[in-house]
Amino acid sequence: MGKSTIIPFGPQHPVLPEPIHLDLVLEDEKVVEAIPQIGYVHRGLEKLVEKKEWPEMVFVIERVCGICSFGHGWGYCMSVEGNLGVEVPPRAQYLRTIWHELSRIQSHLLWLGLIADAFGFESLFMHSWRLRETAVEIFEDTTGARTTFSVCKVGGLRRDIENEKLAEIVKKLRDKEAELRELTSVFLDDNSVKKRLVGIGALTKEDVIELGAVGPVARASGVSNDVRLDGHGVYNELGFEPCVEEEGDSYARCKVRVREIFQSIDLIERAVAAIPDGDIAIEIKGVHPAGEFLARLEQPRGEAYYYTKGSGEKFLERVRVRTPSNANVPALVKMLQGCDLADVPILTLTIDPCISCVER
Amino acid sequence: MNIETHPADALLALAQDTKADGWRLGQVCATTIGDSVEMLYTFEKNNELKSYKFMLNAEAPELQSVTATYPYAFIYENEIHDLFGVKFKNLAVDYEGTFFRIAEKTPWNPSAAKGGEN
């Protein structure tokens, strides 16, 4: 046994722009313990509920994170809508599902780029982010913004997408499919990539359940945990089945995300084929939330909770967001135990950590 | 919402029963309401949710940690300790108030900071 050494990883580290800090206890080159430290950029966004009226609060919650911004806005709206007991028009539900699946595509392609960058495959990083532009350009085209686009509001949406434009979106995604297949085949088939991912940081199904992991991290270990199964939005109508792998290692986590990109394109195509005409929002006037409601949805990084509590006033008493990165930190700590020091950046990335989400 | 309210000392036994029945801890939320801190524990099983609510005294909020049953609850409990001043007994991984680097002590429950307990 070698001498025990503690190496600080982060909060500033080339592989991760966000400030997570890990104290890595090493014996030779092996990590025997990892102690996470967050809290460098806590923003107290939830506390703004004391100063922002509930219809405005959606703009704050969307800013919890730039990558899952749409989902955060939708989750908050679902929670307030449940609180008020209002039903959103079907067309709005379809459009919300379409924008959410586009968000998953851009989030997973962003992650593929980051992991490629982490293992030093720069051209793969650039091509991942080049193809990610397809989704981001659709956001810009349909909302006027590229990341935080504020189309969700309590009761529905602020913007519609014309049916012709929806057909163009499907065509645009399908046109890129061959390139996406070529790109993702490098992640799944290239030997140099597989050497960095296969068998690294494996979690068993029992580990994942014991650690409360969510999203692609859980699904890569054989746990069919996906909130889309509860049918929010129009997932029931679209016939959704989660992408599950069994190996539980970094490669399986990559494979789940790759499969989900193509699944999202299929879901968007099915949603566009079935979307009904009609209103995109209902008017809510003269009423304030007076109860409590807990909504859930499946963000690209996993299950997220949105709790709202009101007392019949224009300011809510509480908004709480439990993000997937919160839930995946214990899984990260577990997978780092026993790994090589050189694998720490890769393993940290395989949970797709969002410190912005953890430190709302 | 499926919520049951229980006395604070029932938390540990409820958590153990819930775990034994196959439920996963989904989230823990604290809310300051007047002179109380309301704790909401949500559990999930097969896409079904149930929540338990516990009311604590805001000046000296104290509760048993559920980390012996749900180890990953340390994230939620340390966060609630720092923001609401809730003291968790037998917390498995205790950051002792350094989980978040915040300028104000227990900003969401100032009466706990005045009590000097945390």
# chains A, B, ... in the order shown; residues from 1 in each chain; ligands from 1

$ residues_around --residues "Val41 of chain A" --least-positions-apart "6" --cutoff "9 Å" --atoms "only C-alpha atoms" --output "PDB file with C-alpha atoms, in the first residue's frame"
ATOM      1  CA  PRO A  19     -16.974  25.017  -9.699  1.00  0.00           C
ATOM      2  CA  ILE A 355     -23.313  22.872 -10.604  1.00  0.00           C
ATOM      3  CA  SER A 356     -25.526  25.726 -11.714  1.00  0.00           C
ATOM      4  CA  GLU A 359     -26.508  25.748  -6.504  1.00  0.00           C
ATOM      5  CA  ARG A 360     -29.785  27.284  -7.504  1.00  0.00           C
TER       6      ARG A 360
ATOM      7  CA  PHE B 100     -22.837  26.446   0.921  1.00  0.00           C
ATOM      8  CA  ARG B 101     -20.573  29.482   1.192  1.00  0.00           C
ATOM      9  CA  ILE B 102     -23.243  32.032   1.971  1.00  0.00           C
TER      10      ILE B 102
END

$ residues_around --residues "Pro7 of chain B" --least-positions-apart "2" --cutoff "12 Å" --atoms "only C-alpha atoms" --output "VMD selection string"
chain B and resid 4 to 5 9 to 14 38 to 39 52 to 57 63 to 64

$ interface_residues --of "chain B" --to "chain A" --cutoff "9 Å" --atoms "only C-alpha atoms" --output "PDB file with N, CA and C atoms, in the first residue's frame"
ATOM      1  N   MET B   1     -52.078  16.276  -4.206  1.00  0.00           N
ATOM      2  CA  MET B   1     -50.842  15.711  -3.649  1.00  0.00           C
ATOM      3  C   MET B   1     -51.161  14.761  -2.514  1.00  0.00           C
ATOM      4  N   ARG B  24     -38.202   5.083  -2.985  1.00  0.00           N
ATOM      5  CA  ARG B  24     -36.970   5.863  -3.129  1.00  0.00           C
ATOM      6  C   ARG B  24     -37.226   7.269  -2.584  1.00  0.00           C
ATOM      7  N   LEU B  25     -36.221   7.842  -1.905  1.00  0.00           N
ATOM      8  CA  LEU B  25     -36.369   9.230  -1.442  1.00  0.00           C
ATOM      9  C   LEU B  25     -36.196  10.155  -2.645  1.00  0.00           C
ATOM     10  N   GLY B  26     -37.235  10.910  -2.971  1.00  0.00           N
ATOM     11  CA  GLY B  26     -37.186  11.787  -4.147  1.00  0.00           C
ATOM     12  C   GLY B  26     -36.632  13.156  -3.826  1.00  0.00           C
ATOM     13  N   GLN B  27     -37.138  13.759  -2.778  1.00  0.00           N
ATOM     14  CA  GLN B  27     -36.678  15.106  -2.422  1.00  0.00           C
ATOM     15  C   GLN B  27     -37.046  15.420  -0.985  1.00  0.00           C
ATOM     16  N   VAL B  28     -36.339  16.392  -0.422  1.00  0.00           N
ATOM     17  CA  VAL B  28     -36.678  16.931   0.897  1.00  0.00           C
ATOM     18  C   VAL B  28     -36.757  18.446   0.742  1.00  0.00           C
ATOM     19  N   CYS B  29     -37.837  19.024   1.242  1.00  0.00           N
ATOM     20  CA  CYS B  29     -38.036  20.468   1.096  1.00  0.00           C
ATOM     21  C   CYS B  29     -38.359  21.073   2.455  1.00  0.00           C
ATOM     22  N   ALA B  30     -37.772  22.217   2.748  1.00  0.00           N
ATOM     23  CA  ALA B  30     -38.121  22.956   3.964  1.00  0.00           C
ATOM     24  C   ALA B  30     -38.783  24.271   3.570  1.00  0.00           C
ATOM     25  N   THR B  31     -39.765  24.698   4.361  1.00  0.00           N
ATOM     26  CA  THR B  31     -40.430  25.983   4.133  1.00  0.00           C
ATOM     27  C   THR B  31     -40.658  26.648   5.484  1.00  0.00           C
ATOM     28  N   THR B  32     -40.288  27.910   5.609  1.00  0.00           N
ATOM     29  CA  THR B  32     -40.575  28.632   6.851  1.00  0.00           C
ATOM     30  C   THR B  32     -41.963  29.244   6.747  1.00  0.00           C
ATOM     31  N   ILE B  33     -42.828  28.843   7.680  1.00  0.00           N
ATOM     32  CA  ILE B  33     -44.191  29.371   7.725  1.00  0.00           C
ATOM     33  C   ILE B  33     -44.384  29.957   9.123  1.00  0.00           C
ATOM     34  N   ASN B  46     -42.448   3.309  -8.569  1.00  0.00           N
ATOM     35  CA  ASN B  46     -43.189   3.049  -9.811  1.00  0.00           C
ATOM     36  C   ASN B  46     -43.964   4.273 -10.295  1.00  0.00           C
ATOM     37  N   ASN B  47     -43.309   5.419 -10.265  1.00  0.00           N
ATOM     38  CA  ASN B  47     -43.897   6.689 -10.708  1.00  0.00           C
ATOM     39  C   ASN B  47     -45.082   7.155  -9.858  1.00  0.00           C
ATOM     40  N   GLU B  48     -45.183   6.621  -8.669  1.00  0.00           N
ATOM     41  CA  GLU B  48     -46.194   7.105  -7.718  1.00  0.00           C
ATOM     42  C   GLU B  48     -45.447   7.884  -6.633  1.00  0.00           C
ATOM     43  N   TYR B  70     -31.479   6.324   4.153  1.00  0.00           N
ATOM     44  CA  TYR B  70     -31.242   6.814   2.799  1.00  0.00           C
ATOM     45  C   TYR B  70     -29.928   7.613   2.808  1.00  0.00           C
ATOM     46  N   PRO B  71     -28.783   6.965   2.576  1.00  0.00           N
ATOM     47  CA  PRO B  71     -27.488   7.655   2.717  1.00  0.00           C
ATOM     48  C   PRO B  71     -27.376   8.932   1.878  1.00  0.00           C
ATOM     49  N   TYR B  72     -28.022   8.923   0.700  1.00  0.00           N
ATOM     50  CA  TYR B  72     -27.883  10.082  -0.183  1.00  0.00           C
ATOM     51  C   TYR B  72     -28.657  11.305   0.291  1.00  0.00           C
ATOM     52  N   ALA B  73     -29.395  11.164   1.403  1.00  0.00           N
ATOM     53  CA  ALA B  73     -30.121  12.321   1.946  1.00  0.00           C
ATOM     54  C   ALA B  73     -29.165  13.378   2.506  1.00  0.00           C
ATOM     55  N   PHE B  74     -27.868  13.047   2.609  1.00  0.00           N
ATOM     56  CA  PHE B  74     -26.927  14.013   3.183  1.00  0.00           C
ATOM     57  C   PHE B  74     -26.892  15.312   2.378  1.00  0.00           C
ATOM     58  N   ILE B  75     -27.111  15.211   1.062  1.00  0.00           N
ATOM     59  CA  ILE B  75     -27.118  16.414   0.206  1.00  0.00           C
ATOM     60  C   ILE B  75     -28.252  17.350   0.641  1.00  0.00           C
ATOM     61  N   TYR B  76     -29.451  16.777   0.790  1.00  0.00           N
ATOM     62  CA  TYR B  76     -30.622  17.595   1.134  1.00  0.00           C
ATOM     63  C   TYR B  76     -30.509  18.137   2.561  1.00  0.00           C
ATOM     64  N   TYR B  95     -21.410  18.499   6.987  1.00  0.00           N
ATOM     65  CA  TYR B  95     -20.497  19.566   6.558  1.00  0.00           C
ATOM     66  C   TYR B  95     -20.421  20.692   7.602  1.00  0.00           C
ATOM     67  N   THR B  98     -20.854  24.287   6.306  1.00  0.00           N
ATOM     68  CA  THR B  98     -19.975  24.788   5.228  1.00  0.00           C
ATOM     69  C   THR B  98     -20.366  24.218   3.867  1.00  0.00           C
ATOM     70  N   PHE B  99     -21.576  23.677   3.770  1.00  0.00           N
ATOM     71  CA  PHE B  99     -21.998  23.092   2.499  1.00  0.00           C
ATOM     72  C   PHE B  99     -22.119  24.188   1.434  1.00  0.00           C
ATOM     73  N   PHE B 100     -22.768  25.275   1.805  1.00  0.00           N
ATOM     74  CA  PHE B 100     -22.837  26.446   0.921  1.00  0.00           C
ATOM     75  C   PHE B 100     -22.034  27.584   1.543  1.00  0.00           C
ATOM     76  N   ARG B 101     -21.305  28.309   0.692  1.00  0.00           N
ATOM     77  CA  ARG B 101     -20.573  29.482   1.192  1.00  0.00           C
ATOM     78  C   ARG B 101     -21.487  30.690   1.029  1.00  0.00           C
ATOM     79  N   ILE B 102     -22.267  30.947   2.068  1.00  0.00           N
ATOM     80  CA  ILE B 102     -23.243  32.032   1.971  1.00  0.00           C
ATOM     81  C   ILE B 102     -22.923  33.098   3.018  1.00  0.00           C
ATOM     82  N   PRO B 107     -30.359  32.001   5.935  1.00  0.00           N
ATOM     83  CA  PRO B 107     -31.109  33.130   5.359  1.00  0.00           C
ATOM     84  C   PRO B 107     -32.608  32.897   5.226  1.00  0.00           C
ATOM     85  N   TRP B 108     -33.034  31.640   5.150  1.00  0.00           N
ATOM     86  CA  TRP B 108     -34.460  31.379   4.947  1.00  0.00           C
ATOM     87  C   TRP B 108     -35.194  31.185   6.264  1.00  0.00           C
TER      88      TRP B 108
END

$ select_by_dssp --residues "chain B" --states "strand (DSSP E)" --output "VMD selection string"
chain B and resid 3 to 5 24 to 33 36 to 45 48 to 57 62 to 64 87 to 89

$ write_last_selection --atoms "C-alpha atoms" --output "tab-separated table (two decimals), in the first residue's frame"
chain	number	residue	atom	x	y	z
B	3	ILE	CA	-49.37	14.23	1.86
B	4	GLU	CA	-49.62	12.89	5.40
B	5	THR	CA	-48.66	15.04	8.39
B	24	ARG	CA	-36.97	5.86	-3.13
B	25	LEU	CA	-36.37	9.23	-1.44
B	26	GLY	CA	-37.19	11.79	-4.15
B	27	GLN	CA	-36.68	15.11	-2.42
B	28	VAL	CA	-36.68	16.93	0.90
B	29	CYS	CA	-38.04	20.47	1.10
B	30	ALA	CA	-38.12	22.96	3.96
B	31	THR	CA	-40.43	25.98	4.13
B	32	THR	CA	-40.58	28.63	6.85
B	33	ILE	CA	-44.19	29.37	7.73
B	36	SER	CA	-42.56	26.95	12.14
B	37	VAL	CA	-40.38	25.16	9.64
B	38	GLU	CA	-42.38	22.75	7.53
B	39	MET	CA	-40.41	19.71	6.32
B	40	LEU	CA	-41.69	17.75	3.34
B	41	TYR	CA	-40.17	14.35	2.50
B	42	THR	CA	-41.25	12.90	-0.86
B	43	PHE	CA	-40.85	9.26	-1.83
B	44	GLU	CA	-41.29	7.63	-5.24
B	45	LYS	CA	-42.12	4.09	-6.29
B	48	GLU	CA	-46.19	7.10	-7.72
B	49	LEU	CA	-45.40	9.80	-5.15
B	50	LYS	CA	-46.20	10.11	-1.46
B	51	SER	CA	-45.04	12.80	0.93
B	52	TYR	CA	-44.72	13.10	4.70
B	53	LYS	CA	-44.88	16.49	6.39
B	54	PHE	CA	-43.37	17.41	9.76
B	55	MET	CA	-43.67	20.75	11.57
B	56	LEU	CA	-40.68	22.05	13.55
B	57	ASN	CA	-40.20	25.03	15.85
B	62	GLU	CA	-34.27	19.78	15.03
B	63	LEU	CA	-34.95	16.47	13.34
B	64	GLN	CA	-33.45	13.01	13.07
B	87	LYS	CA	-30.15	20.59	13.03
B	88	PHE	CA	-30.11	16.95	11.89
B	89	LYS	CA	-29.19	14.45	14.58

$ closest_residue --among "B:Ala68, B:Ala8, B:Ala113, B:Ala58" --to "Asp82 of chain B" --atoms "only C-alpha atoms"
B:Ala113

$ closest_residue --among "A:Ala202, A:Cys152, A:Ile105, A:Leu183" --to "Leu347 of chain A" --atoms "only C-alpha atoms"
A:Ala202

$ closest_residue --among "B:Asn2, B:Gly97, B:Thr106, B:Ser65" --to "Phe84 of chain B" --atoms "only C-alpha atoms"
B:Thr106

$ closest_residue --among "B:Gln16, B:Val66, B:Lys114, B:Asp35" --to "Asn78 of chain B" --atoms "only C-alpha atoms"
B:Val66

$ closest_residue --among "A:Asp340, A:Glu50, A:Glu168, A:Glu283" --to "Gly156 of chain A" --atoms "only C-alpha atoms"
A:Glu283

$ select_by_dssp --residues "chain B" --states "alpha helix (DSSP H)" --output "VMD selection string"
chain B and resid 11 to 20 74 to 84 110 to 115

$ write_last_selection --atoms "N, CA and C atoms" --output "PDB file, in the first residue's frame"
ATOM      1  N   LEU B  11     -40.466  10.436  12.110  1.00  0.00           N
ATOM      2  CA  LEU B  11     -39.780  10.422  10.816  1.00  0.00           C
ATOM      3  C   LEU B  11     -38.940   9.159  10.576  1.00  0.00           C
ATOM      4  N   LEU B  12     -38.119   8.828  11.555  1.00  0.00           N
ATOM      5  CA  LEU B  12     -37.172   7.733  11.338  1.00  0.00           C
ATOM      6  C   LEU B  12     -37.891   6.408  11.056  1.00  0.00           C
ATOM      7  N   ALA B  13     -38.896   6.104  11.874  1.00  0.00           N
ATOM      8  CA  ALA B  13     -39.639   4.848  11.691  1.00  0.00           C
ATOM      9  C   ALA B  13     -40.367   4.847  10.346  1.00  0.00           C
ATOM     10  N   LEU B  14     -40.932   6.004   9.978  1.00  0.00           N
ATOM     11  CA  LEU B  14     -41.624   6.092   8.683  1.00  0.00           C
ATOM     12  C   LEU B  14     -40.650   5.880   7.527  1.00  0.00           C
ATOM     13  N   ALA B  15     -39.462   6.490   7.640  1.00  0.00           N
ATOM     14  CA  ALA B  15     -38.457   6.349   6.579  1.00  0.00           C
ATOM     15  C   ALA B  15     -38.027   4.891   6.451  1.00  0.00           C
ATOM     16  N   GLN B  16     -37.830   4.238   7.575  1.00  0.00           N
ATOM     17  CA  GLN B  16     -37.411   2.820   7.537  1.00  0.00           C
ATOM     18  C   GLN B  16     -38.484   1.948   6.891  1.00  0.00           C
ATOM     19  N   ASP B  17     -39.738   2.178   7.266  1.00  0.00           N
ATOM     20  CA  ASP B  17     -40.840   1.402   6.674  1.00  0.00           C
ATOM     21  C   ASP B  17     -40.940   1.662   5.174  1.00  0.00           C
ATOM     22  N   THR B  18     -40.796   2.925   4.819  1.00  0.00           N
ATOM     23  CA  THR B  18     -40.919   3.318   3.416  1.00  0.00           C
ATOM     24  C   THR B  18     -39.811   2.674   2.577  1.00  0.00           C
ATOM     25  N   LYS B  19     -38.595   2.685   3.124  1.00  0.00           N
ATOM     26  CA  LYS B  19     -37.459   2.057   2.421  1.00  0.00           C
ATOM     27  C   LYS B  19     -37.690   0.547   2.276  1.00  0.00           C
ATOM     28  N   ALA B  20     -38.146  -0.071   3.362  1.00  0.00           N
ATOM     29  CA  ALA B  20     -38.372  -1.521   3.333  1.00  0.00           C
ATOM     30  C   ALA B  20     -39.440  -1.894   2.303  1.00  0.00           C
ATOM     31  N   PHE B  74     -27.868  13.047   2.609  1.00  0.00           N
ATOM     32  CA  PHE B  74     -26.927  14.013   3.183  1.00  0.00           C
ATOM     33  C   PHE B  74     -26.892  15.312   2.378  1.00  0.00           C
ATOM     34  N   ILE B  75     -27.111  15.211   1.062  1.00  0.00           N
ATOM     35  CA  ILE B  75     -27.118  16.414   0.206  1.00  0.00           C
ATOM     36  C   ILE B  75     -28.252  17.350   0.641  1.00  0.00           C
ATOM     37  N   TYR B  76     -29.451  16.777   0.790  1.00  0.00           N
ATOM     38  CA  TYR B  76     -30.622  17.595   1.134  1.00  0.00           C
ATOM     39  C   TYR B  76     -30.509  18.137   2.561  1.00  0.00           C
ATOM     40  N   GLU B  77     -30.035  17.285   3.472  1.00  0.00           N
ATOM     41  CA  GLU B  77     -30.019  17.687   4.882  1.00  0.00           C
ATOM     42  C   GLU B  77     -28.964  18.774   5.135  1.00  0.00           C
ATOM     43  N   ASN B  78     -27.804  18.658   4.493  1.00  0.00           N
ATOM     44  CA  ASN B  78     -26.794  19.714   4.660  1.00  0.00           C
ATOM     45  C   ASN B  78     -27.280  21.031   4.066  1.00  0.00           C
ATOM     46  N   GLU B  79     -27.977  20.950   2.921  1.00  0.00           N
ATOM     47  CA  GLU B  79     -28.507  22.161   2.295  1.00  0.00           C
ATOM     48  C   GLU B  79     -29.531  22.828   3.223  1.00  0.00           C
ATOM     49  N   ILE B  80     -30.425  22.016   3.776  1.00  0.00           N
ATOM     50  CA  ILE B  80     -31.474  22.568   4.653  1.00  0.00           C
ATOM     51  C   ILE B  80     -30.864  23.087   5.955  1.00  0.00           C
ATOM     52  N   HIS B  81     -29.829  22.447   6.423  1.00  0.00           N
ATOM     53  CA  HIS B  81     -29.135  22.952   7.613  1.00  0.00           C
ATOM     54  C   HIS B  81     -28.599  24.360   7.353  1.00  0.00           C
ATOM     55  N   ASP B  82     -27.941  24.542   6.208  1.00  0.00           N
ATOM     56  CA  ASP B  82     -27.308  25.829   5.927  1.00  0.00           C
ATOM     57  C   ASP B  82     -28.325  26.935   5.637  1.00  0.00           C
ATOM     58  N   LEU B  83     -29.417  26.583   4.975  1.00  0.00           N
ATOM     59  CA  LEU B  83     -30.371  27.615   4.556  1.00  0.00           C
ATOM     60  C   LEU B  83     -31.476  27.861   5.584  1.00  0.00           C
ATOM     61  N   PHE B  84     -31.841  26.820   6.353  1.00  0.00           N
ATOM     62  CA  PHE B  84     -32.971  26.951   7.277  1.00  0.00           C
ATOM     63  C   PHE B  84     -32.577  26.733   8.739  1.00  0.00           C
ATOM     64  N   PRO B 110     -34.350  33.230   9.650  1.00  0.00           N
ATOM     65  CA  PRO B 110     -33.481  34.057  10.497  1.00  0.00           C
ATOM     66  C   PRO B 110     -33.639  33.751  11.988  1.00  0.00           C
ATOM     67  N   SER B 111     -34.805  33.282  12.412  1.00  0.00           N
ATOM     68  CA  SER B 111     -34.986  33.036  13.852  1.00  0.00           C
ATOM     69  C   SER B 111     -34.092  31.900  14.352  1.00  0.00           C
ATOM     70  N   ALA B 112     -33.710  30.966  13.488  1.00  0.00           N
ATOM     71  CA  ALA B 112     -32.794  29.886  13.897  1.00  0.00           C
ATOM     72  C   ALA B 112     -31.407  30.453  14.154  1.00  0.00           C
ATOM     73  N   ALA B 113     -30.978  31.421  13.322  1.00  0.00           N
ATOM     74  CA  ALA B 113     -29.660  32.032  13.506  1.00  0.00           C
ATOM     75  C   ALA B 113     -29.607  32.804  14.817  1.00  0.00           C
ATOM     76  N   LYS B 114     -30.711  33.473  15.174  1.00  0.00           N
ATOM     77  CA  LYS B 114     -30.750  34.237  16.429  1.00  0.00           C
ATOM     78  C   LYS B 114     -30.608  33.308  17.620  1.00  0.00           C
ATOM     79  N   GLY B 115     -31.155  32.093  17.469  1.00  0.00           N
ATOM     80  CA  GLY B 115     -31.080  31.129  18.568  1.00  0.00           C
ATOM     81  C   GLY B 115     -29.666  30.651  18.831  1.00  0.00           C
TER      82      GLY B 115
END

$ residues_around --residues "Phe70 of chain A" --least-positions-apart "2" --cutoff "10 Å" --atoms "only C-alpha atoms" --output "tab-separated table (two decimals) with C-alpha atoms, in the first residue's frame"
chain	number	residue	atom	x	y	z
A	61	ILE	CA	-36.62	29.37	-12.56
A	62	GLU	CA	-35.63	29.15	-16.24
A	63	ARG	CA	-32.33	30.68	-15.21
A	65	CYS	CA	-29.51	26.45	-15.71
A	66	GLY	CA	-28.91	27.49	-19.32
A	67	ILE	CA	-28.87	23.96	-20.72
A	68	CYS	CA	-32.11	22.62	-19.18
A	72	HIS	CA	-37.12	24.16	-15.62
A	73	GLY	CA	-39.67	26.64	-16.93
A	74	TRP	CA	-42.04	23.83	-17.88
A	75	GLY	CA	-41.64	22.09	-14.50
A	96	ARG	CA	-43.87	21.80	-24.85
A	99	TRP	CA	-39.22	21.93	-27.33
A	100	HIS	CA	-38.28	19.70	-24.40
A	101	GLU	CA	-37.03	16.90	-26.66
A	102	LEU	CA	-35.08	19.43	-28.73
A	103	SER	CA	-33.51	20.53	-25.44
A	104	ARG	CA	-32.54	16.91	-24.74
A	147	THR	CA	-30.75	28.89	-24.86
A	148	THR	CA	-33.02	30.62	-22.37
A	149	PHE	CA	-36.01	31.26	-24.57
A	150	SER	CA	-38.91	31.89	-22.19
A	151	VAL	CA	-41.79	30.43	-24.18
A	152	CYS	CA	-43.45	28.66	-21.25
A	299	GLN	CA	-34.72	16.67	-17.71

$ residues_around --residues "Asp279 of chain A" --least-positions-apart "4" --cutoff "10 Å" --atoms "only C-alpha atoms" --output "list of chain:residue names"
A:Val88, A:Pro89, A:Pro90, A:Arg91, A:Ala92, A:Gly156, A:Leu157, A:Asp160

$ atom_distance --atom1 "atom CA of Asp23 of chain A" --atom2 "atom CA of Ala118 of chain A"
19.6 Å

$ residues_around --residues "Pro55 of chain A" --least-positions-apart "4" --cutoff "9 Å" --atoms "only C-alpha atoms" --output "list in words"
Phe59, Cys77, Lys153, Val154 and Lys314 of chain A

$ atom_distance --atom1 "atom CA of Glu56 of chain A" --atom2 "atom CA of Met78 of chain A"
14.5 Å

$ decode --residues "segment 16-27 of chain A" --atoms "N, CA, C and O atoms" --output "PDB file, in the first residue's frame"
ATOM      1  N   LEU A  16     -13.812  21.010 -16.477  1.00  0.00           N
ATOM      2  CA  LEU A  16     -15.156  21.359 -16.020  1.00  0.00           C
ATOM      3  C   LEU A  16     -15.217  22.848 -15.695  1.00  0.00           C
ATOM      4  O   LEU A  16     -14.603  23.291 -14.736  1.00  0.00           O
ATOM      5  N   PRO A  17     -15.930  23.615 -16.505  1.00  0.00           N
ATOM      6  CA  PRO A  17     -15.954  25.054 -16.244  1.00  0.00           C
ATOM      7  C   PRO A  17     -16.701  25.422 -14.963  1.00  0.00           C
ATOM      8  O   PRO A  17     -16.536  26.511 -14.451  1.00  0.00           O
ATOM      9  N   GLU A  18     -17.513  24.486 -14.448  1.00  0.00           N
ATOM     10  CA  GLU A  18     -18.301  24.835 -13.261  1.00  0.00           C
ATOM     11  C   GLU A  18     -17.566  24.437 -11.986  1.00  0.00           C
ATOM     12  O   GLU A  18     -16.817  23.469 -11.961  1.00  0.00           O
ATOM     13  N   PRO A  19     -17.806  25.186 -10.887  1.00  0.00           N
ATOM     14  CA  PRO A  19     -16.974  25.017  -9.699  1.00  0.00           C
ATOM     15  C   PRO A  19     -17.413  23.903  -8.750  1.00  0.00           C
ATOM     16  O   PRO A  19     -18.041  24.159  -7.729  1.00  0.00           O
ATOM     17  N   ILE A  20     -17.059  22.684  -9.079  1.00  0.00           N
ATOM     18  CA  ILE A  20     -17.203  21.612  -8.096  1.00  0.00           C
ATOM     19  C   ILE A  20     -15.788  21.305  -7.600  1.00  0.00           C
ATOM     20  O   ILE A  20     -14.822  21.356  -8.359  1.00  0.00           O
ATOM     21  N   HIS A  21     -15.689  21.035  -6.321  1.00  0.00           N
ATOM     22  CA  HIS A  21     -14.393  20.723  -5.735  1.00  0.00           C
ATOM     23  C   HIS A  21     -14.467  19.326  -5.129  1.00  0.00           C
ATOM     24  O   HIS A  21     -15.446  18.991  -4.456  1.00  0.00           O
ATOM     25  N   LEU A  22     -13.438  18.519  -5.403  1.00  0.00           N
ATOM     26  CA  LEU A  22     -13.365  17.182  -4.803  1.00  0.00           C
ATOM     27  C   LEU A  22     -12.030  17.048  -4.094  1.00  0.00           C
ATOM     28  O   LEU A  22     -10.986  17.359  -4.676  1.00  0.00           O
ATOM     29  N   ASP A  23     -12.060  16.631  -2.849  1.00  0.00           N
ATOM     30  CA  ASP A  23     -10.818  16.243  -2.178  1.00  0.00           C
ATOM     31  C   ASP A  23     -10.614  14.772  -2.479  1.00  0.00           C
ATOM     32  O   ASP A  23     -11.395  13.927  -2.026  1.00  0.00           O
ATOM     33  N   LEU A  24      -9.577  14.458  -3.248  1.00  0.00           N
ATOM     34  CA  LEU A  24      -9.324  13.072  -3.645  1.00  0.00           C
ATOM     35  C   LEU A  24      -8.248  12.481  -2.745  1.00  0.00           C
ATOM     36  O   LEU A  24      -7.118  12.980  -2.723  1.00  0.00           O
ATOM     37  N   VAL A  25      -8.616  11.461  -1.998  1.00  0.00           N
ATOM     38  CA  VAL A  25      -7.646  10.771  -1.147  1.00  0.00           C
ATOM     39  C   VAL A  25      -7.061   9.631  -1.984  1.00  0.00           C
ATOM     40  O   VAL A  25      -7.796   8.744  -2.433  1.00  0.00           O
ATOM     41  N   LEU A  26      -5.742   9.686  -2.208  1.00  0.00           N
ATOM     42  CA  LEU A  26      -5.089   8.730  -3.115  1.00  0.00           C
ATOM     43  C   LEU A  26      -4.129   7.821  -2.380  1.00  0.00           C
ATOM     44  O   LEU A  26      -3.474   8.243  -1.423  1.00  0.00           O
ATOM     45  N   GLU A  27      -4.069   6.596  -2.850  1.00  0.00           N
ATOM     46  CA  GLU A  27      -2.961   5.707  -2.497  1.00  0.00           C
ATOM     47  C   GLU A  27      -2.294   5.353  -3.810  1.00  0.00           C
ATOM     48  O   GLU A  27      -2.914   4.703  -4.660  1.00  0.00           O
TER      49      GLU A  27
END
